[in-house]
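See below for the structure under consideration.
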Amino acid sequence: MKKSLLLSVAASTMIMAGGDITPVEPVVETTAPQTSSANSFTNALKNGKFSADMRLFYMDRSFDEDKTGKPDAKALTFGGIMKYESGNYYGFKFGLAYFGSHSVASIYDRSEGVGTSLLQPDGDDIAFLGEAYLQYTLSNTMFKVGRQRLSTPLMNDHDLRLLPSVYEAAIIQNKDIPDTMVEVGYVKRYSGFVSKLSGFDDQDTKWGKDGLGYIYVKNKSIDNLTLRGQYIKTLSDTDNTGTTVAINDYKYLDLKYTIPVGTNTYFKAQYGGNGYNNADDSVLLGAKAGTTFFNMVDVAVLYDKISDNKFKAVESGPMYSDWQQGYGPYEPSTAFGGQIIVRPIDGLSLKLGYVDVSSDTSLLVDDFTEFNLDAKYKINDWSKIRVRYSVKDQSSASEALRYDGIAGNGGREDRDDFRIIYYMNF
């Protein structure tokens with residue numbers, strides 16, 4: 001009842017709001033243009049950019065408590081990213097950023113917050129140096145080393161909570177080929193899902209003792225067509241103890257073709273998979289198509305199919321059917337779904353999504369339907385509010401396995417997620 005009342009009040013407030021509002025645009029950090037006289041380190045510091053990406057985040061995750069005994073997860077935290085990036089100094093610049101997520105006024109017990117991933121696994125606040133990098137740009141080539149956010153299909157910042165995921169990495173990005181970007185990189189450690197580790201841990205049990213190497217290519221040389229591809233390889237098949245890791249590579253390809261019919265009409269397709277060291281490889285196939293009506297209603301339908309083994313990204317949610325869950329690995333399954341996005345007034349968008357996932361294994365973990373609401377409203381030039389609500393309903397057969405008292409027998413419990421996020425960008 002409390003969540004329904006909160007959701008109704010928040011939705012009513014956004015729908016009834018008026019005023020001269022502009023659509024929400026992503027925050028892009030910019031640096032003042034440099035002149036030839038600015039090639040001194042002092043000027044590079046003066047021409048740097050301070051920014052603050054702050055959030056107040058409330059989350060309530062509820063389970064079917066009568067059957068599982070698993071307590072609801074609740075938290076209210078405040079924090080975000082406070083960053084300084086220097087200006088240009090002979091092609092060099094550096095960045096430093098504090099990452100924090102702090103429980104607000106002890107409204108909820110810290111043990112309740114663990115399941116939200118807004119706090120550390122032990123319930124402590126998250127506080128660490130999330131970005132610390134040196135970047136060098138020469139013509140069409142950029143080198144970047146240190147703690148940084150990545151933006152690739154299978155390994156990105158996965159910004160689903162108060163903080164994004166970040167990586168200790170070295171990358172080289174080149175744009176010499178027309179309409180093409182090529183990026184190669186090496187990654188050894190990262191901050192965990194949405195930075196809940198509050199630091200950087202070695203991932204040798206998943207990535208091997210020597211970390212990951214990758215190549216990512218994006219091409220727009222054909223009119224109306226965007227192609228992306230990524231390949232990630234573990235540089236060692238064993239962890240620090242000599243044990244063989246499960247997955248030795250990650251593969252992904254996708255395309256988006258803008259169809260010159262109607263408004264914003266498009267078709268997307270995706271292929272992915274994993275190479276396993278001691279098991280069958282996995283395969284992902286998917287498709288999505290959408291268009292816009294009346295310049296205010298976006299509609300789309302989608303399909304995903306995973307075969308032969310579990311599909312896993314390093315840290316991302318690339319599947320068209322995975323706009324909410326963001327977990328993995330995903331077991332072999334078949335998914336159908338659709339979504340509608342309505343923009344009734346400037347600055348307000350209401351997204352409704354539905355997906356039906358049928359497991360193709362006897363474990364029936366990914367065997368559910370899910371409804372998702374994602375509402376966003378821009379308040380002014382520096383703040384916006386977002387309300388997200390999802391209902392995930394496992395199949396009866398999946399629930400039966402979850403409650404049969406046999407550990408590891410499969411299945412999963414129902415869950416509802418309710419989130420209110422207030423964004424402030426300076």
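Residue numbering restarts at 1 for every chain of the structure tokens, chains are lettered A, B, ... in their displayed order, and ligands are numbered from 1 as they appear.
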Mind running segment 383-419 of chain A against segment 47-61 of chain A at 7 Å and telling me each contacting residue's nearest atom pair with the distance in Å (one decimal), counting only C-alpha atoms, chain and number ascending, as a Markdown table?
| residue | atom | partner | partner_atom | distance |
| --- | --- | --- | --- | --- |
| A:Arg415 | CA | A:Arg61 | CA | 6.9 |
| A:Asp416 | CA | A:Arg61 | CA | 5.7 |
| A:Asp417 | CA | A:Arg61 | CA | 4.6 |
| A:Phe418 | CA | A:Asp60 | CA | 5.2 |
| A:Arg419 | CA | A:Met59 | CA | 4.4 |
Selection: 8 Å around segment 311-321 of chain A, only C-alpha atoms, excl. self and same-chain fewer than 4 positions, as number ranges by chain: A: 153-158, 193, 250, 272-274, 282-284, 286-288, 302-304, 306, 326-332, 335-337, 355
Prev. selection, N, CA and C atoms, output as a compact mmCIF listing (two decimals), in the first residue's frame:
# COMPACT_ATOMS: atom_id res chain seq x y z
N PRO A 153 29.93 -2.65 -25.49
CA PRO A 153 28.71 -3.45 -25.33
C PRO A 153 28.77 -4.47 -24.19
N LEU A 154 29.90 -5.10 -23.96
CA LEU A 154 30.00 -6.16 -22.96
C LEU A 154 30.67 -5.73 -21.67
N MET A 155 31.21 -4.53 -21.63
CA MET A 155 31.93 -4.05 -20.45
C MET A 155 31.75 -2.54 -20.39
N ASN A 156 30.82 -2.08 -19.53
CA ASN A 156 30.58 -0.65 -19.44
C ASN A 156 30.28 -0.26 -17.99
N ASP A 157 29.84 0.99 -17.78
CA ASP A 157 29.66 1.45 -16.40
C ASP A 157 28.37 0.96 -15.77
N HIS A 158 27.44 0.41 -16.55
CA HIS A 158 26.25 -0.28 -16.02
C HIS A 158 25.59 0.53 -14.90
N PHE A 193 29.76 -4.69 -9.36
CA PHE A 193 28.47 -4.22 -9.85
C PHE A 193 28.09 -2.93 -9.13
N TYR A 250 34.40 -13.75 -24.60
CA TYR A 250 33.09 -13.11 -24.68
C TYR A 250 33.00 -12.47 -26.06
N GLY A 272 25.65 -12.89 -29.82
CA GLY A 272 26.67 -12.94 -28.78
C GLY A 272 26.94 -14.37 -28.39
N GLY A 273 27.91 -14.52 -27.47
CA GLY A 273 28.22 -15.86 -27.00
C GLY A 273 29.45 -15.88 -26.13
N ASN A 274 29.67 -17.02 -25.51
CA ASN A 274 30.84 -17.25 -24.66
C ASN A 274 31.50 -18.55 -25.04
N SER A 282 28.13 -20.90 -25.43
CA SER A 282 26.78 -20.33 -25.45
C SER A 282 26.59 -19.46 -26.68
N VAL A 283 25.32 -19.28 -27.08
CA VAL A 283 24.98 -18.45 -28.23
C VAL A 283 23.78 -17.59 -27.87
N LEU A 284 23.86 -16.29 -28.20
CA LEU A 284 22.75 -15.36 -28.04
C LEU A 284 22.36 -14.82 -29.41
N GLY A 286 19.24 -12.13 -31.09
CA GLY A 286 18.14 -11.25 -30.73
C GLY A 286 17.78 -10.30 -31.84
N ALA A 287 16.57 -9.74 -31.75
CA ALA A 287 16.10 -8.76 -32.72
C ALA A 287 15.15 -7.80 -32.03
N LYS A 288 15.10 -6.56 -32.55
CA LYS A 288 14.21 -5.54 -32.00
C LYS A 288 13.83 -4.59 -33.12
N LEU A 302 10.46 -6.98 -29.26
CA LEU A 302 11.80 -7.55 -29.14
C LEU A 302 11.76 -9.06 -28.95
N TYR A 303 12.90 -9.68 -29.23
CA TYR A 303 13.06 -11.13 -29.11
C TYR A 303 14.51 -11.44 -28.77
N ASP A 304 14.71 -12.39 -27.85
CA ASP A 304 16.06 -12.89 -27.55
C ASP A 304 16.00 -14.40 -27.34
N ILE A 306 18.73 -17.57 -26.08
CA ILE A 306 20.03 -18.05 -25.61
C ILE A 306 20.03 -19.57 -25.72
N GLY A 326 19.57 -6.80 -15.19
CA GLY A 326 20.98 -6.47 -15.06
C GLY A 326 21.81 -7.47 -14.29
N TYR A 327 21.40 -8.72 -14.26
CA TYR A 327 22.22 -9.73 -13.59
C TYR A 327 22.66 -10.77 -14.63
N GLY A 328 23.42 -11.71 -14.22
CA GLY A 328 23.87 -12.77 -15.11
C GLY A 328 24.70 -13.77 -14.32
N PRO A 329 25.08 -14.90 -14.91
CA PRO A 329 24.81 -15.27 -16.29
C PRO A 329 23.34 -15.65 -16.52
N TYR A 330 22.94 -15.62 -17.79
CA TYR A 330 21.57 -15.89 -18.17
C TYR A 330 21.50 -17.30 -18.74
N GLU A 331 20.60 -18.12 -18.19
CA GLU A 331 20.53 -19.50 -18.66
C GLU A 331 19.83 -19.59 -20.01
N PRO A 332 20.00 -20.70 -20.74
CA PRO A 332 19.31 -20.85 -22.02
C PRO A 332 17.81 -20.60 -21.88
N ALA A 335 12.89 -15.30 -25.03
CA ALA A 335 12.22 -14.13 -24.49
C ALA A 335 11.52 -13.35 -25.59
N PHE A 336 10.27 -12.92 -25.32
CA PHE A 336 9.52 -12.01 -26.17
C PHE A 336 9.08 -10.83 -25.32
N GLY A 337 9.01 -9.66 -25.94
CA GLY A 337 8.57 -8.51 -25.15
C GLY A 337 8.24 -7.31 -26.02
N VAL A 355 8.03 -8.24 -20.63
CA VAL A 355 8.81 -9.31 -21.23
C VAL A 355 8.37 -10.65 -20.64
Would you mind writing down, as a PDB file with C-alpha atoms, in the first residue's frame, each residue of segment 16-238 of chain A that DSSP on the backbone assigns to strand (DSSP E or B)?
ATOM      1  CA  LYS A  49      36.480  21.382 -15.212  1.00  0.00           C
ATOM      2  CA  PHE A  50      34.879  20.645 -11.836  1.00  0.00           C
ATOM      3  CA  SER A  51      31.612  18.702 -11.946  1.00  0.00           C
ATOM      4  CA  ALA A  52      29.221  17.079  -9.495  1.00  0.00           C
ATOM      5  CA  ASP A  53      26.803  14.320 -10.518  1.00  0.00           C
ATOM      6  CA  MET A  54      24.773  13.848  -7.321  1.00  0.00           C
ATOM      7  CA  ARG A  55      21.791  11.628  -6.523  1.00  0.00           C
ATOM      8  CA  LEU A  56      19.319  10.938  -3.740  1.00  0.00           C
ATOM      9  CA  PHE A  57      18.303   7.307  -4.172  1.00  0.00           C
ATOM     10  CA  TYR A  58      15.483   5.371  -2.495  1.00  0.00           C
ATOM     11  CA  MET A  59      15.016   1.671  -3.236  1.00  0.00           C
ATOM     12  CA  ASP A  60      12.681  -0.997  -1.892  1.00  0.00           C
ATOM     13  CA  ARG A  61      13.053  -4.573  -3.118  1.00  0.00           C
ATOM     14  CA  SER A  62      10.367  -6.897  -1.767  1.00  0.00           C
ATOM     15  CA  PHE A  63      10.163 -10.690  -2.005  1.00  0.00           C
ATOM     16  CA  ALA A  73      15.854  -4.808   1.002  1.00  0.00           C
ATOM     17  CA  LYS A  74      15.452  -1.069   1.655  1.00  0.00           C
ATOM     18  CA  ALA A  75      17.807   1.893   1.582  1.00  0.00           C
ATOM     19  CA  LEU A  76      17.875   5.671   1.229  1.00  0.00           C
ATOM     20  CA  THR A  77      21.292   6.990   0.266  1.00  0.00           C
ATOM     21  CA  PHE A  78      22.818  10.218  -0.996  1.00  0.00           C
ATOM     22  CA  GLY A  79      26.025  10.677  -2.930  1.00  0.00           C
ATOM     23  CA  GLY A  80      27.405  10.555  -6.415  1.00  0.00           C
ATOM     24  CA  ILE A  81      30.535  11.630  -8.271  1.00  0.00           C
ATOM     25  CA  MET A  82      32.562  14.778  -7.630  1.00  0.00           C
ATOM     26  CA  LYS A  83      35.154  15.135 -10.362  1.00  0.00           C
ATOM     27  CA  TYR A  84      37.957  17.363 -11.595  1.00  0.00           C
ATOM     28  CA  GLU A  85      39.374  17.000 -15.112  1.00  0.00           C
ATOM     29  CA  TYR A  89      48.648  20.268 -21.714  1.00  0.00           C
ATOM     30  CA  PHE A  92      47.754  15.396 -21.959  1.00  0.00           C
ATOM     31  CA  LYS A  93      45.039  15.730 -19.352  1.00  0.00           C
ATOM     32  CA  PHE A  94      44.148  13.918 -16.132  1.00  0.00           C
ATOM     33  CA  GLY A  95      41.018  13.271 -14.114  1.00  0.00           C
ATOM     34  CA  LEU A  96      40.225  12.529 -10.455  1.00  0.00           C
ATOM     35  CA  ALA A  97      36.788  11.649  -9.091  1.00  0.00           C
ATOM     36  CA  TYR A  98      35.385  10.802  -5.665  1.00  0.00           C
ATOM     37  CA  PHE A  99      32.639   8.147  -5.644  1.00  0.00           C
ATOM     38  CA  GLY A 100      30.302   7.961  -2.632  1.00  0.00           C
ATOM     39  CA  SER A 101      26.967   6.486  -1.533  1.00  0.00           C
ATOM     40  CA  HIS A 102      26.046   7.329   2.054  1.00  0.00           C
ATOM     41  CA  SER A 103      23.105   6.146   4.131  1.00  0.00           C
ATOM     42  CA  ILE A 126      30.606   3.369  -0.314  1.00  0.00           C
ATOM     43  CA  ALA A 127      33.472   5.883  -0.488  1.00  0.00           C
ATOM     44  CA  PHE A 128      36.559   5.630  -2.722  1.00  0.00           C
ATOM     45  CA  LEU A 129      38.596   7.256  -5.485  1.00  0.00           C
ATOM     46  CA  GLY A 130      36.608   5.986  -8.453  1.00  0.00           C
ATOM     47  CA  GLU A 131      38.451   7.727 -11.297  1.00  0.00           C
ATOM     48  CA  ALA A 132      42.148   8.522 -11.498  1.00  0.00           C
ATOM     49  CA  TYR A 133      43.437   8.521 -15.063  1.00  0.00           C
ATOM     50  CA  LEU A 134      45.942  10.068 -17.438  1.00  0.00           C
ATOM     51  CA  GLN A 135      44.841  10.666 -21.026  1.00  0.00           C
ATOM     52  CA  TYR A 136      46.888  11.602 -24.078  1.00  0.00           C
ATOM     53  CA  THR A 137      45.451  12.547 -27.471  1.00  0.00           C
ATOM     54  CA  LEU A 138      47.507  12.715 -30.671  1.00  0.00           C
ATOM     55  CA  THR A 141      44.399   8.465 -31.432  1.00  0.00           C
ATOM     56  CA  MET A 142      43.616   8.590 -27.713  1.00  0.00           C
ATOM     57  CA  PHE A 143      45.496   6.745 -24.948  1.00  0.00           C
ATOM     58  CA  LYS A 144      43.969   6.465 -21.468  1.00  0.00           C
ATOM     59  CA  VAL A 145      45.298   4.596 -18.448  1.00  0.00           C
ATOM     60  CA  GLY A 146      44.091   4.300 -14.865  1.00  0.00           C
ATOM     61  CA  ARG A 147      40.738   4.116 -13.092  1.00  0.00           C
ATOM     62  CA  GLN A 148      38.037   4.948 -15.623  1.00  0.00           C
ATOM     63  CA  SER A 151      31.610   2.260 -22.726  1.00  0.00           C
ATOM     64  CA  MET A 155      31.925  -4.050 -20.452  1.00  0.00           C
ATOM     65  CA  ASN A 156      30.582  -0.649 -19.437  1.00  0.00           C
ATOM     66  CA  TYR A 167      37.691  -0.250 -14.105  1.00  0.00           C
ATOM     67  CA  GLU A 168      41.455  -0.211 -13.729  1.00  0.00           C
ATOM     68  CA  ALA A 169      42.298  -0.315 -17.400  1.00  0.00           C
ATOM     69  CA  ALA A 170      44.504   0.853 -20.239  1.00  0.00           C
ATOM     70  CA  ILE A 171      42.864   1.646 -23.579  1.00  0.00           C
ATOM     71  CA  ILE A 172      43.861   2.937 -27.029  1.00  0.00           C
ATOM     72  CA  GLN A 173      41.160   4.398 -29.263  1.00  0.00           C
ATOM     73  CA  ASN A 174      41.705   5.324 -32.911  1.00  0.00           C
ATOM     74  CA  THR A 180      35.075   3.948 -37.808  1.00  0.00           C
ATOM     75  CA  MET A 181      36.232   3.793 -34.205  1.00  0.00           C
ATOM     76  CA  VAL A 182      38.607   1.041 -33.047  1.00  0.00           C
ATOM     77  CA  GLU A 183      39.382   0.533 -29.375  1.00  0.00           C
ATOM     78  CA  VAL A 184      41.712  -1.998 -27.769  1.00  0.00           C
ATOM     79  CA  GLY A 185      42.053  -2.376 -24.034  1.00  0.00           C
ATOM     80  CA  TYR A 186      43.395  -4.277 -21.061  1.00  0.00           C
ATOM     81  CA  VAL A 187      41.450  -4.627 -17.794  1.00  0.00           C
ATOM     82  CA  LYS A 188      42.698  -6.220 -14.569  1.00  0.00           C
ATOM     83  CA  ARG A 189      40.427  -5.030 -11.732  1.00  0.00           C
ATOM     84  CA  TYR A 190      37.093  -3.296 -11.243  1.00  0.00           C
ATOM     85  CA  ASP A 201      39.224  -6.021  -6.510  1.00  0.00           C
ATOM     86  CA  ASP A 202      41.126  -8.571  -8.545  1.00  0.00           C
ATOM     87  CA  LEU A 212      41.185  -9.395 -19.868  1.00  0.00           C
ATOM     88  CA  GLY A 213      42.168  -8.047 -23.267  1.00  0.00           C
ATOM     89  CA  TYR A 214      39.574  -6.743 -25.727  1.00  0.00           C
ATOM     90  CA  ILE A 215      38.954  -5.118 -29.083  1.00  0.00           C
ATOM     91  CA  TYR A 216      35.849  -3.055 -29.851  1.00  0.00           C
ATOM     92  CA  VAL A 217      34.901  -1.682 -33.288  1.00  0.00           C
ATOM     93  CA  LYS A 218      32.088   0.692 -34.260  1.00  0.00           C
ATOM     94  CA  ASN A 219      31.365   1.577 -37.906  1.00  0.00           C
ATOM     95  CA  LEU A 225      23.482   1.591 -40.582  1.00  0.00           C
ATOM     96  CA  THR A 226      25.523   1.314 -37.365  1.00  0.00           C
ATOM     97  CA  LEU A 227      27.602  -1.811 -36.737  1.00  0.00           C
ATOM     98  CA  ARG A 228      29.308  -2.721 -33.454  1.00  0.00           C
ATOM     99  CA  GLY A 229      31.444  -5.674 -32.481  1.00  0.00           C
ATOM    100  CA  GLN A 230      33.474  -6.674 -29.446  1.00  0.00           C
ATOM    101  CA  TYR A 231      35.716  -9.599 -28.543  1.00  0.00           C
ATOM    102  CA  ILE A 232      37.075 -10.098 -25.018  1.00  0.00           C
ATOM    103  CA  LYS A 233      39.644 -12.770 -24.103  1.00  0.00           C
ATOM    104  CA  THR A 234      40.922 -13.991 -20.776  1.00  0.00           C
ATOM    105  CA  THR A 238      43.568 -20.197 -14.693  1.00  0.00           C
TER     106      THR A 238
END
Go through A:Ser86, A:Gln339, A:Ser383, A:Thr361 one by one, measure the shortest atom-to-atom distance of each to Tyr423 of chain A using only C-alpha atoms, and give the residue with the smallest value.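 Going through A:Ser86, A:Gln339, A:Ser383, A:Thr361 one by one, the smallest distance to Tyr423 of chain A is for A:Ser383.
Comparing the minimum interatomic distances between Leu162 of chain A and each of A:Ala44, A:Leu118, A:Leu352, A:Val301, counting only C-alpha atoms, we find that A:Leu118 sits nearest.
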In Å, with one decimal, what is the gap from atom CA of Ile340 of chain A to atom CA of Val299 of chain A?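 Pair atom CA of Ile340 of chain A / atom CA of Val299 of chain A returns 4.6 Å.
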Run DSSP on the backbone and give me the residues of segment 122-286 of chain A it puts in helix (DSSP H, G or I), as a PyMOL selection string. chain A and resi 193-195+204-207
Who sits within 8 Å of Thr263 of chain A, only C-alpha atoms, same chain under 5 positions skipped, as number ranges by chain: A: 291-293, 295
Just-selected residues, C-alpha atoms written as a short mmCIF file (atom, residue, chain, number, x, y, z; two decimals), in the first residue's frame:
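The file below, out.cif, is the result:
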data_model
loop_
_atom_site.label_atom_id
_atom_site.label_comp_id
_atom_site.auth_asym_id
_atom_site.auth_seq_id
_atom_site.Cartn_x
_atom_site.Cartn_y
_atom_site.Cartn_z
CA THR A 291 8.98 3.33 -34.61
CA THR A 292 7.45 6.61 -33.40
CA PHE A 293 3.86 7.81 -33.76
CA ASN A 295 6.21 12.51 -32.51
#
Which distance in Å separates atom CA of Leu285 of chain A and atom CA of Ala269 of chain A, to one decimal?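 Between atom CA of Leu285 of chain A and atom CA of Ala269 of chain A the gap works out to 7.7 Å.
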Separation of atom CA of Gly405 of chain A and atom CA of Leu364 of chain A, in Å?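 It comes out at 15.4 Å.
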